[in-house]
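Raw contents of upload.cif, mmCIF, N, CA and C atoms:
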data_start
#
loop_
_atom_site.group_PDB
_atom_site.id
_atom_site.type_symbol
_atom_site.label_atom_id
_atom_site.label_comp_id
_atom_site.auth_asym_id
_atom_site.auth_seq_id
_atom_site.Cartn_x
_atom_site.Cartn_y
_atom_site.Cartn_z
ATOM 1 N N MET B 107 106.076 129.925 115.569
ATOM 2 C CA MET B 107 105.691 131.237 116.060
ATOM 3 C C MET B 107 106.440 131.522 117.359
ATOM 4 N N GLN B 108 106.750 132.772 117.564
ATOM 5 C CA GLN B 108 107.452 133.225 118.754
ATOM 6 C C GLN B 108 106.457 133.784 119.772
ATOM 7 N N PRO B 109 106.806 133.785 121.065
ATOM 8 C CA PRO B 109 105.954 134.438 122.063
ATOM 9 C C PRO B 109 105.792 135.922 121.723
ATOM 10 N N ILE B 110 104.664 136.482 122.113
ATOM 11 C CA ILE B 110 104.362 137.888 121.864
ATOM 12 C C ILE B 110 104.016 138.525 123.207
ATOM 13 N N ARG B 111 104.551 139.723 123.435
ATOM 14 C CA ARG B 111 104.311 140.400 124.716
ATOM 15 C C ARG B 111 103.751 141.798 124.485
ATOM 16 N N GLN B 112 102.766 142.155 125.320
ATOM 17 C CA GLN B 112 102.253 143.521 125.369
ATOM 18 C C GLN B 112 102.099 143.867 126.844
ATOM 19 N N GLY B 113 102.991 144.700 127.356
ATOM 20 C CA GLY B 113 102.960 145.029 128.778
ATOM 21 C C GLY B 113 103.156 143.783 129.618
ATOM 22 N N ASP B 114 102.231 143.530 130.540
ATOM 23 C CA ASP B 114 102.353 142.363 131.419
ATOM 24 C C ASP B 114 101.673 141.118 130.868
ATOM 25 N N VAL B 115 101.156 141.179 129.645
ATOM 26 C CA VAL B 115 100.513 140.026 129.008
ATOM 27 C C VAL B 115 101.493 139.378 128.029
ATOM 28 N N ILE B 116 101.676 138.081 128.171
ATOM 29 C CA ILE B 116 102.546 137.323 127.281
ATOM 30 C C ILE B 116 101.708 136.229 126.623
ATOM 31 N N LEU B 117 101.795 136.130 125.303
ATOM 32 C CA LEU B 117 101.087 135.098 124.553
ATOM 33 C C LEU B 117 102.103 134.066 124.086
ATOM 34 N N LEU B 118 101.861 132.810 124.453
ATOM 35 C CA LEU B 118 102.745 131.711 124.080
ATOM 36 C C LEU B 118 102.027 130.825 123.067
ATOM 37 N N PRO B 119 102.673 130.507 121.951
ATOM 38 C CA PRO B 119 102.014 129.646 120.957
ATOM 39 C C PRO B 119 101.784 128.246 121.520
ATOM 40 N N VAL B 120 100.619 127.682 121.218
ATOM 41 C CA VAL B 120 100.281 126.316 121.617
ATOM 42 C C VAL B 120 99.714 125.585 120.411
ATOM 43 N N GLU B 121 99.773 124.272 120.476
ATOM 44 C CA GLU B 121 99.295 123.448 119.361
ATOM 45 C C GLU B 121 97.772 123.352 119.319
ATOM 46 N N GLU B 122 97.166 123.197 120.485
ATOM 47 C CA GLU B 122 95.749 122.889 120.541
ATOM 48 C C GLU B 122 95.094 123.636 121.700
ATOM 49 N N ILE B 123 93.828 123.971 121.532
ATOM 50 C CA ILE B 123 93.063 124.674 122.571
ATOM 51 C C ILE B 123 91.811 123.880 122.885
ATOM 52 N N SER B 124 91.511 123.801 124.182
ATOM 53 C CA SER B 124 90.230 123.251 124.616
ATOM 54 C C SER B 124 89.802 124.038 125.845
ATOM 55 N N GLY B 125 88.600 123.843 126.273
ATOM 56 C CA GLY B 125 88.088 124.556 127.434
ATOM 57 C C GLY B 125 86.744 125.172 127.146
ATOM 58 N N GLN B 126 86.304 126.010 128.082
ATOM 59 C CA GLN B 126 85.006 126.673 127.954
ATOM 60 C C GLN B 126 85.168 127.971 127.171
ATOM 61 N N LYS B 127 84.395 128.127 126.110
ATOM 62 C CA LYS B 127 84.435 129.343 125.306
ATOM 63 C C LYS B 127 83.823 130.487 126.107
ATOM 64 N N LEU B 128 84.511 131.623 126.130
ATOM 65 C CA LEU B 128 84.036 132.806 126.851
ATOM 66 C C LEU B 128 83.330 133.755 125.897
ATOM 67 N N SER B 129 82.498 134.605 126.444
ATOM 68 C CA SER B 129 81.695 135.518 125.617
ATOM 69 C C SER B 129 82.378 136.868 125.400
ATOM 70 N N HIS B 130 83.606 137.035 125.873
ATOM 71 C CA HIS B 130 84.324 138.301 125.722
ATOM 72 C C HIS B 130 85.703 138.033 125.138
ATOM 73 N N LEU B 131 86.412 139.110 124.792
ATOM 74 C CA LEU B 131 87.765 138.994 124.250
ATOM 75 C C LEU B 131 88.753 139.841 125.049
ATOM 76 N N THR B 132 88.527 139.949 126.360
ATOM 77 C CA THR B 132 89.429 140.678 127.252
ATOM 78 C C THR B 132 90.411 139.695 127.861
ATOM 79 N N LEU B 133 91.701 139.884 127.549
ATOM 80 C CA LEU B 133 92.730 138.976 128.031
ATOM 81 C C LEU B 133 93.141 139.295 129.461
ATOM 82 N N ALA B 134 93.133 140.588 129.833
ATOM 83 C CA ALA B 134 93.503 141.001 131.189
ATOM 84 C C ALA B 134 92.925 142.372 131.479
ATOM 85 N N GLU B 135 92.427 142.543 132.700
ATOM 86 C CA GLU B 135 91.907 143.827 133.174
ATOM 87 C C GLU B 135 92.995 144.523 133.979
ATOM 88 N N GLY B 136 93.159 145.832 133.776
ATOM 89 C CA GLY B 136 94.113 146.599 134.571
ATOM 90 C C GLY B 136 93.571 146.835 135.969
ATOM 91 N N GLU B 137 94.345 146.454 136.977
ATOM 92 C CA GLU B 137 93.902 146.615 138.364
ATOM 93 C C GLU B 137 93.993 148.057 138.831
ATOM 94 N N VAL B 138 94.955 148.818 138.312
ATOM 95 C CA VAL B 138 95.166 150.183 138.765
ATOM 96 C C VAL B 138 94.400 151.179 137.897
ATOM 97 N N THR B 139 94.534 151.054 136.579
ATOM 98 C CA THR B 139 93.972 152.048 135.661
ATOM 99 C C THR B 139 92.588 151.710 135.154
ATOM 100 N N GLY B 140 92.212 150.444 135.212
ATOM 101 C CA GLY B 140 90.946 150.028 134.628
ATOM 102 C C GLY B 140 91.051 149.756 133.133
ATOM 103 N N HIS B 141 92.227 149.988 132.548
ATOM 104 C CA HIS B 141 92.441 149.677 131.136
ATOM 105 C C HIS B 141 92.532 148.162 130.970
ATOM 106 N N SER B 142 92.335 147.695 129.754
ATOM 107 C CA SER B 142 92.365 146.249 129.544
ATOM 108 C C SER B 142 93.105 145.890 128.263
ATOM 109 N N HIS B 143 93.696 144.711 128.278
ATOM 110 C CA HIS B 143 94.289 144.110 127.084
ATOM 111 C C HIS B 143 93.163 143.316 126.431
ATOM 112 N N ARG B 144 92.818 143.663 125.200
ATOM 113 C CA ARG B 144 91.670 143.027 124.554
ATOM 114 C C ARG B 144 91.866 142.969 123.045
ATOM 115 N N ILE B 145 91.128 142.074 122.427
ATOM 116 C CA ILE B 145 91.129 141.977 120.969
ATOM 117 C C ILE B 145 90.092 142.972 120.457
ATOM 118 N N SER B 146 90.558 143.893 119.600
ATOM 119 C CA SER B 146 89.657 144.936 119.103
ATOM 120 C C SER B 146 89.287 144.761 117.631
ATOM 121 N N ASP B 147 90.105 144.086 116.862
ATOM 122 C CA ASP B 147 89.832 143.857 115.438
ATOM 123 C C ASP B 147 90.196 142.427 115.086
ATOM 124 N N GLY B 148 89.527 141.896 114.078
ATOM 125 C CA GLY B 148 89.778 140.526 113.654
ATOM 126 C C GLY B 148 88.788 139.578 114.320
ATOM 127 N N PHE B 149 88.865 138.315 113.952
ATOM 128 C CA PHE B 149 87.955 137.311 114.495
ATOM 129 C C PHE B 149 88.761 136.365 115.370
ATOM 130 N N ALA B 150 88.373 136.294 116.655
ATOM 131 C CA ALA B 150 89.084 135.449 117.614
ATOM 132 C C ALA B 150 88.092 134.904 118.637
ATOM 133 N N GLN B 151 88.526 133.882 119.347
ATOM 134 C CA GLN B 151 87.730 133.299 120.423
ATOM 135 C C GLN B 151 88.636 133.092 121.628
ATOM 136 N N LEU B 152 88.059 133.312 122.828
ATOM 137 C CA LEU B 152 88.801 133.167 124.068
ATOM 138 C C LEU B 152 88.217 132.005 124.858
ATOM 139 N N TYR B 153 89.094 131.168 125.402
ATOM 140 C CA TYR B 153 88.682 129.986 126.157
ATOM 141 C C TYR B 153 89.338 130.007 127.532
ATOM 142 N N GLU B 154 88.698 129.335 128.494
ATOM 143 C CA GLU B 154 89.250 129.190 129.836
ATOM 144 C C GLU B 154 89.255 127.726 130.199
ATOM 145 N N LYS B 155 90.387 127.255 130.744
ATOM 146 C CA LYS B 155 90.487 125.881 131.205
ATOM 147 C C LYS B 155 91.432 125.842 132.402
ATOM 148 N N TYR B 156 90.943 125.332 133.514
ATOM 149 C CA TYR B 156 91.736 125.201 134.740
ATOM 150 C C TYR B 156 92.366 126.528 135.166
ATOM 151 N N GLY B 157 91.634 127.625 135.005
ATOM 152 C CA GLY B 157 92.128 128.929 135.425
ATOM 153 C C GLY B 157 93.086 129.607 134.458
ATOM 154 N N HIS B 158 93.320 129.017 133.304
ATOM 155 C CA HIS B 158 94.203 129.601 132.291
ATOM 156 C C HIS B 158 93.370 130.032 131.088
ATOM 157 N N LEU B 159 93.777 131.130 130.464
ATOM 158 C CA LEU B 159 93.103 131.614 129.265
ATOM 159 C C LEU B 159 93.866 131.184 128.021
ATOM 160 N N TYR B 160 93.106 130.902 126.964
ATOM 161 C CA TYR B 160 93.658 130.530 125.667
ATOM 162 C C TYR B 160 92.940 131.341 124.592
ATOM 163 N N LEU B 161 93.699 131.851 123.647
ATOM 164 C CA LEU B 161 93.157 132.667 122.570
ATOM 165 C C LEU B 161 93.365 131.956 121.248
ATOM 166 N N LYS B 162 92.302 131.896 120.454
ATOM 167 C CA LYS B 162 92.402 131.323 119.103
ATOM 168 C C LYS B 162 92.085 132.443 118.115
ATOM 169 N N VAL B 163 93.071 132.820 117.323
ATOM 170 C CA VAL B 163 92.891 133.835 116.278
ATOM 171 C C VAL B 163 92.481 133.099 115.014
ATOM 172 N N LEU B 164 91.258 133.352 114.563
ATOM 173 C CA LEU B 164 90.693 132.650 113.412
ATOM 174 C C LEU B 164 90.882 133.410 112.104
ATOM 175 N N SER B 165 90.903 134.732 112.174
ATOM 176 C CA SER B 165 91.144 135.528 110.965
ATOM 177 C C SER B 165 92.646 135.558 110.688
ATOM 178 N N GLU B 166 93.027 136.137 109.567
ATOM 179 C CA GLU B 166 94.455 136.181 109.210
ATOM 180 C C GLU B 166 95.269 136.867 110.299
ATOM 181 N N THR B 167 94.724 137.950 110.869
ATOM 182 C CA THR B 167 95.333 138.630 112.012
ATOM 183 C C THR B 167 94.215 139.138 112.919
ATOM 184 N N ALA B 168 94.588 139.460 114.150
ATOM 185 C CA ALA B 168 93.691 140.119 115.102
ATOM 186 C C ALA B 168 94.534 141.153 115.842
ATOM 187 N N THR B 169 93.902 142.240 116.265
ATOM 188 C CA THR B 169 94.635 143.325 116.912
ATOM 189 C C THR B 169 94.451 143.279 118.420
ATOM 190 N N LEU B 170 95.572 143.206 119.143
ATOM 191 C CA LEU B 170 95.579 143.269 120.604
ATOM 192 C C LEU B 170 95.827 144.724 120.988
ATOM 193 N N THR B 171 94.892 145.315 121.746
ATOM 194 C CA THR B 171 95.015 146.730 122.101
ATOM 195 C C THR B 171 95.004 146.920 123.608
ATOM 196 N N HIS B 172 95.590 148.039 124.010
ATOM 197 C CA HIS B 172 95.618 148.502 125.402
ATOM 198 C C HIS B 172 95.886 149.994 125.337
ATOM 199 N N GLU B 173 95.257 150.755 126.220
ATOM 200 C CA GLU B 173 95.348 152.207 126.170
ATOM 201 C C GLU B 173 96.769 152.744 126.350
ATOM 202 N N GLU B 174 97.644 151.995 127.019
ATOM 203 C CA GLU B 174 98.992 152.492 127.309
ATOM 204 C C GLU B 174 100.085 151.836 126.461
ATOM 205 N N HIS B 175 99.705 150.977 125.517
ATOM 206 C CA HIS B 175 100.676 150.281 124.685
ATOM 207 C C HIS B 175 100.293 150.402 123.218
ATOM 208 N N GLN B 176 101.265 150.215 122.349
ATOM 209 C CA GLN B 176 100.996 150.206 120.913
ATOM 210 C C GLN B 176 100.183 148.951 120.567
ATOM 211 N N PRO B 177 99.242 149.035 119.636
ATOM 212 C CA PRO B 177 98.514 147.836 119.199
ATOM 213 C C PRO B 177 99.473 146.827 118.579
ATOM 214 N N ILE B 178 99.143 145.557 118.730
ATOM 215 C CA ILE B 178 99.954 144.482 118.170
ATOM 216 C C ILE B 178 99.072 143.610 117.286
ATOM 217 N N GLU B 179 99.559 143.321 116.092
ATOM 218 C CA GLU B 179 98.859 142.419 115.185
ATOM 219 C C GLU B 179 99.272 140.982 115.516
ATOM 220 N N LEU B 180 98.305 140.168 115.896
ATOM 221 C CA LEU B 180 98.560 138.766 116.212
ATOM 222 C C LEU B 180 98.257 137.918 114.984
ATOM 223 N N PRO B 181 99.154 137.017 114.631
ATOM 224 C CA PRO B 181 98.879 136.143 113.487
ATOM 225 C C PRO B 181 97.884 135.044 113.851
ATOM 226 N N GLN B 182 97.283 134.493 112.844
ATOM 227 C CA GLN B 182 96.349 133.375 113.015
ATOM 228 C C GLN B 182 97.049 132.245 113.767
ATOM 229 N N GLY B 183 96.325 131.659 114.718
ATOM 230 C CA GLY B 183 96.895 130.556 115.483
ATOM 231 C C GLY B 183 96.309 130.477 116.875
ATOM 232 N N SER B 184 96.901 129.608 117.690
ATOM 233 C CA SER B 184 96.425 129.356 119.048
ATOM 234 C C SER B 184 97.472 129.814 120.050
ATOM 235 N N TRP B 185 97.009 130.461 121.123
ATOM 236 C CA TRP B 185 97.903 131.085 122.091
ATOM 237 C C TRP B 185 97.448 130.809 123.527
ATOM 238 N N MET B 186 98.394 130.585 124.416
ATOM 239 C CA MET B 186 98.127 130.566 125.855
ATOM 240 C C MET B 186 98.403 131.978 126.365
ATOM 241 N N VAL B 187 97.486 132.514 127.176
ATOM 242 C CA VAL B 187 97.624 133.864 127.722
ATOM 243 C C VAL B 187 98.233 133.750 129.120
ATOM 244 N N ARG B 188 99.359 134.405 129.337
ATOM 245 C CA ARG B 188 100.007 134.409 130.649
ATOM 246 C C ARG B 188 100.154 135.853 131.110
ATOM 247 N N ILE B 189 100.013 136.080 132.411
ATOM 248 C CA ILE B 189 100.177 137.398 132.999
ATOM 249 C C ILE B 189 101.460 137.391 133.817
ATOM 250 N N GLN B 190 102.316 138.385 133.576
ATOM 251 C CA GLN B 190 103.589 138.462 134.278
ATOM 252 C C GLN B 190 103.361 138.633 135.774
ATOM 253 N N ARG B 191 104.182 137.932 136.559
ATOM 254 C CA ARG B 191 104.122 138.054 138.008
ATOM 255 C C ARG B 191 105.475 138.531 138.513
ATOM 256 N N GLU B 192 105.462 139.107 139.723
ATOM 257 C CA GLU B 192 106.705 139.534 140.342
ATOM 258 C C GLU B 192 106.702 139.111 141.807
ATOM 259 N N TYR B 193 107.902 138.936 142.338
ATOM 260 C CA TYR B 193 108.033 138.469 143.709
ATOM 261 C C TYR B 193 108.217 139.644 144.657
ATOM 262 N N GLU B 194 107.483 139.615 145.776
ATOM 263 C CA GLU B 194 107.633 140.551 146.875
ATOM 264 C C GLU B 194 107.868 139.726 148.129
ATOM 265 N N PRO B 195 108.359 140.325 149.199
ATOM 266 C CA PRO B 195 108.577 139.542 150.425
ATOM 267 C C PRO B 195 107.325 138.793 150.911
ATOM 268 N N GLN B 196 106.138 139.299 150.598
ATOM 269 C CA GLN B 196 104.893 138.640 150.995
ATOM 270 C C GLN B 196 104.540 137.487 150.071
ATOM 271 N N GLY B 197 105.217 137.355 148.943
ATOM 272 C CA GLY B 197 104.954 136.275 147.991
ATOM 273 C C GLY B 197 104.810 136.803 146.578
ATOM 274 N N TRP B 198 104.380 135.915 145.677
ATOM 275 C CA TRP B 198 104.200 136.265 144.265
ATOM 276 C C TRP B 198 102.917 137.040 144.080
ATOM 277 N N ARG B 199 102.946 138.019 143.159
ATOM 278 C CA ARG B 199 101.734 138.760 142.797
ATOM 279 C C ARG B 199 101.784 139.083 141.319
ATOM 280 N N TYR B 200 100.581 139.260 140.739
ATOM 281 C CA TYR B 200 100.508 139.645 139.337
ATOM 282 C C TYR B 200 100.896 141.106 139.215
ATOM 283 N N VAL B 201 101.588 141.460 138.139
ATOM 284 C CA VAL B 201 101.979 142.836 137.884
ATOM 285 C C VAL B 201 100.726 143.639 137.632
ATOM 286 N N ALA B 202 100.604 144.798 138.309
ATOM 287 C CA ALA B 202 99.438 145.668 138.121
ATOM 288 C C ALA B 202 99.725 146.610 136.967
ATOM 289 N N ASP B 203 98.869 146.611 135.971
ATOM 290 C CA ASP B 203 99.046 147.430 134.773
ATOM 291 C C ASP B 203 98.171 148.652 134.872
#

Please rewrite the model in this file as structure tokens.
Amino acid sequence: MQPIRQGDVILLPVEEISGQKLSHLTLAEGEVTGHSHRISDGFAQLYEKYGHLYLKVLSETATLTHEEHQPIELPQGSWMVRIQREYEPQGWRYVAD
């Protein structure tokens, strides 16, 4: 599987997932608009371990949605969720979506 990107969220395929299961399916909250990258269709579970999020898509596909981007169909599998960062003279910061 190849990495998948939607805006500032990048999903990287991983072999195995562990961590604390979360009760929501929001991968990232928009700091400026309040919009969020979230799973809207399909069956998936979100986990957190050491400050990193991991997504497990259990159904054949799951839909990743965001108000400002086209929906993306994610295939079944395990993913590490990464948020794009950018460098400013004050240091690294997460991209505000």

B:Asp114: which residues within 6 Å, counting all atoms listed in the file, same-chain residues fewer than 4 positions away excluded, as a PyMOL selection string?
chain B and resi 188-190

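Those residues that approach B:His175 to within 12 Å, counting only C-alpha atoms, are Arg111, Gln112, Gly113, Asp114, Val115, His141, Ser142, His143, Arg144, Leu170, Thr171, His172, Glu173, Pro177, Ile178 and Asp203 of chain B; same-chain residues fewer than 2 positions away are not listed.
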
Restricting the calculation to all atoms listed in the file, which member of B:Ile145, B:Ala168, B:Leu152, B:Leu159 is positioned closest to B:Lys127?
B:Leu152

Any chance you could work out the residue set of the PyMOL selection byres ((chain B and resi 128) around 8) here, as an NGL selection string?
:B and (125-127 or 129-131 or 151-154)

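By chain and then residue number, the residues within 10 Å of B:Leu118 are Met107, Gln108, Pro109, Ile110, Arg111, Val115, Tyr160, Leu161, Ser184, Trp185, Met186, Val187 and Arg188 of chain B, counting only C-alpha atoms and disregarding those fewer than 3 positions away in sequence.
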
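Among the candidates B:Leu117, B:Ser124, B:Pro181, B:Gln176, the residue lying nearest to B:Leu164 is B:Pro181 (atoms considered: all atoms listed in the file).
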
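Distance-wise, atom C of B:Glu179 and atom C of B:Gly157 end up 22.9 Å apart.
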
Backbone DSSP call of strand (DSSP E or B) for chain B, listed as a PyMOL selection string
chain B and resi 110-112+115-119+126-127+132-135+142-147+150-155+158-172+175-189+191-194+197-200

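Between atom N of B:Lys162 and atom CA of B:Ala150 there is a distance of 5.6 Å.
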
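Nearest residue to B:Gly183, choosing from B:Glu121, B:Ala134, B:Asp147, B:Lys155 and counting all atoms listed in the file: B:Glu121.
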
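Going from atom C of B:Val120 to atom CA of B:Glu174 covers 27.8 Å.
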
Which residue of B:Thr169, B:His158, B:Val163, B:Gln182 approaches B:Ser146 most closely, using all atoms listed in the file:
B:Thr169
